[in-house]
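Written below as structure tokens is the structure these notes are about.
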Protein chains: 2
Amino acid sequence: MVKLIYCISKKPEMSLDAFQAYWRDTHAPIAGAIPGLRRYVQCHVVPEAYAGDARPAYDGAAELWFDDIDALRQAMRSAETAAALADEANFIDHTRVASFITVENVVV
Amino acid sequence: MVKLIYCISKKPEMSLDAFQAYWRDTHAPIAGAIPGLRRYVQCHVVPEAYAGDARPAYDGAAELWFDDIDALRQAMRSAETAAALADEANFIDHTRVASFITVENVVV
């Protein structure tokens, strides 16, 4: 299995609550329809990270598992991925994102 | 449960193989000893991401789960975390890291 980690940031004009609600309620079923997706976890930054003037490095990370690199590449070319990317414009600031493809090594 | 995501980069002078081997074989038991750690997964970027002149955003991400924010904060003050941070100097470029504390929302 390979895992795509996609660190994301909210659009500056969105509140944290609006960003998290959109990601969870509207975007999740769209991205969740990507073919070949074995597991999909949204990691939402905790409210405590925004105390005072504090700002986290990213506002969250999406994690998407596929059987292997070929399955991931095929998924990236799908209409469902195109739809998910189009929807990202509604809540993600694409100037502050980072993605990378990994293999897990479970230590504990 | 909360999950700390720690995106990391290798020291520029290290090969990818040496970085991954050190992280997996030497650093894992040191970081794995942090008290209160419920789960610890290393996500190693796949070799395909380095084809030609390509360079991924990060060389990997460590994920550490704790019961809650208080358990994480207590763990961060431990001698074991101090030892893990000291060991990071052997393989991590601290000018290219990012960390944030999250809560998981499992979609698929």
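By convention here, the chains of the structure tokens are called A, B, ... in the order presented, each chain's residues are numbered starting at 1, and ligands are numbered starting at 1 in the order presented.
Using only C-alpha atoms, the part of chain B that sits within 7 Å of chain A is made up of Ala28, Gly32, Arg39, Tyr40, Val41, Gln42, Cys43, His44, Val45, Val46, Pro56, Ala57, Tyr58, Ala98, Ser99, Phe100, Ile101, Thr102, Val103, Glu104, Asn105, Val106, Val107 and Val108 of chain B.
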How would the residues just chosen look if you wrote them out with N, CA and C atoms as an mmCIF file, in the first residue's frame?
```cif
data_model
loop_
_atom_site.group_PDB
_atom_site.id
_atom_site.type_symbol
_atom_site.label_atom_id
_atom_site.label_comp_id
_atom_site.auth_asym_id
_atom_site.auth_seq_id
_atom_site.Cartn_x
_atom_site.Cartn_y
_atom_site.Cartn_z
ATOM 1 N N ALA B 28 13.928 5.153 15.302
ATOM 2 C CA ALA B 28 12.612 4.596 15.668
ATOM 3 C C ALA B 28 12.544 4.129 17.126
ATOM 4 N N GLY B 32 10.272 5.927 19.740
ATOM 5 C CA GLY B 32 9.225 4.994 20.168
ATOM 6 C C GLY B 32 9.123 4.853 21.677
ATOM 7 N N ARG B 39 0.542 5.199 19.322
ATOM 8 C CA ARG B 39 0.822 4.648 17.993
ATOM 9 C C ARG B 39 1.861 5.565 17.355
ATOM 10 N N TYR B 40 2.781 4.977 16.596
ATOM 11 C CA TYR B 40 3.858 5.751 15.977
ATOM 12 C C TYR B 40 4.126 5.145 14.606
ATOM 13 N N VAL B 41 3.894 5.920 13.565
ATOM 14 C CA VAL B 41 4.075 5.447 12.195
ATOM 15 C C VAL B 41 5.021 6.384 11.458
ATOM 16 N N GLN B 42 6.026 5.817 10.826
ATOM 17 C CA GLN B 42 6.903 6.580 9.945
ATOM 18 C C GLN B 42 6.379 6.431 8.510
ATOM 19 N N CYS B 43 6.266 7.529 7.799
ATOM 20 C CA CYS B 43 5.822 7.489 6.403
ATOM 21 C C CYS B 43 7.008 7.903 5.539
ATOM 22 N N HIS B 44 7.608 6.939 4.880
ATOM 23 C CA HIS B 44 8.796 7.172 4.061
ATOM 24 C C HIS B 44 8.395 7.472 2.619
ATOM 25 N N VAL B 45 8.893 8.552 2.063
ATOM 26 C CA VAL B 45 8.567 8.882 0.677
ATOM 27 C C VAL B 45 9.126 7.800 -0.255
ATOM 28 N N VAL B 46 8.320 7.428 -1.257
ATOM 29 C CA VAL B 46 8.701 6.352 -2.179
ATOM 30 C C VAL B 46 9.846 6.789 -3.086
ATOM 31 N N PRO B 56 10.511 15.695 -3.680
ATOM 32 C CA PRO B 56 9.217 15.866 -3.003
ATOM 33 C C PRO B 56 9.263 17.032 -2.006
ATOM 34 N N ALA B 57 8.090 17.464 -1.578
ATOM 35 C CA ALA B 57 7.982 18.588 -0.643
ATOM 36 C C ALA B 57 8.706 18.280 0.666
ATOM 37 N N TYR B 58 8.597 17.048 1.126
ATOM 38 C CA TYR B 58 9.301 16.568 2.320
ATOM 39 C C TYR B 58 9.802 15.156 2.019
ATOM 40 N N ALA B 98 7.797 20.722 9.287
ATOM 41 C CA ALA B 98 6.521 21.340 9.651
ATOM 42 C C ALA B 98 5.777 20.358 10.539
ATOM 43 N N SER B 99 5.200 20.852 11.622
ATOM 44 C CA SER B 99 4.447 19.942 12.481
ATOM 45 C C SER B 99 3.133 20.585 12.892
ATOM 46 N N PHE B 100 2.133 19.745 13.075
ATOM 47 C CA PHE B 100 0.820 20.227 13.490
ATOM 48 C C PHE B 100 0.060 19.088 14.156
ATOM 49 N N ILE B 101 -0.800 19.473 15.097
ATOM 50 C CA ILE B 101 -1.534 18.509 15.915
ATOM 51 C C ILE B 101 -2.963 18.402 15.385
ATOM 52 N N THR B 102 -3.407 17.176 15.161
ATOM 53 C CA THR B 102 -4.688 16.981 14.488
ATOM 54 C C THR B 102 -5.587 15.966 15.209
ATOM 55 N N VAL B 103 -6.834 15.954 14.773
ATOM 56 C CA VAL B 103 -7.786 14.901 15.139
ATOM 57 C C VAL B 103 -8.232 14.244 13.841
ATOM 58 N N GLU B 104 -8.302 12.918 13.848
ATOM 59 C CA GLU B 104 -8.648 12.187 12.630
ATOM 60 C C GLU B 104 -10.152 12.144 12.384
ATOM 61 N N ASN B 105 -10.518 12.271 11.120
ATOM 62 C CA ASN B 105 -11.878 12.031 10.664
ATOM 63 C C ASN B 105 -11.785 10.982 9.561
ATOM 64 N N VAL B 106 -12.136 9.741 9.889
ATOM 65 C CA VAL B 106 -12.005 8.640 8.924
ATOM 66 C C VAL B 106 -13.194 8.674 7.970
ATOM 67 N N VAL B 107 -12.921 8.883 6.684
ATOM 68 C CA VAL B 107 -13.981 8.990 5.684
ATOM 69 C C VAL B 107 -14.193 7.654 4.985
ATOM 70 N N VAL B 108 -13.114 7.046 4.540
ATOM 71 C CA VAL B 108 -13.181 5.723 3.887
ATOM 72 C C VAL B 108 -12.270 4.780 4.655
#
```
Residues within 10 Å of segment 86-90 of chain B, please, as a PyMOL selection string. Count only C-alpha atoms; anything in the same chain fewer than 5 positions from it doesn't count. chain B and resi 8+10-11+14+19+22-23+26-27+30-31+80-81
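The two atoms in question, atom CA of Gly36 of chain A and atom CA of Tyr6 of chain A, are spaced 17.1 Å apart.
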Identify all residues of segment 16-68 of chain A in strand (DSSP E or B) (DSSP on the backbone) and supply them as a ChimeraX atom specification. /A:39-45,60-66
Out of chain A, which residues get alpha helix (DSSP H) from DSSP, as a ChimeraX atom specification? /A:16-21,28-31,69-76,79-88
Record the distance separating atom CA of Asp25 of chain A and atom CA of Phe91 of chain A, expressed in Å with one decimal. 12.1 Å
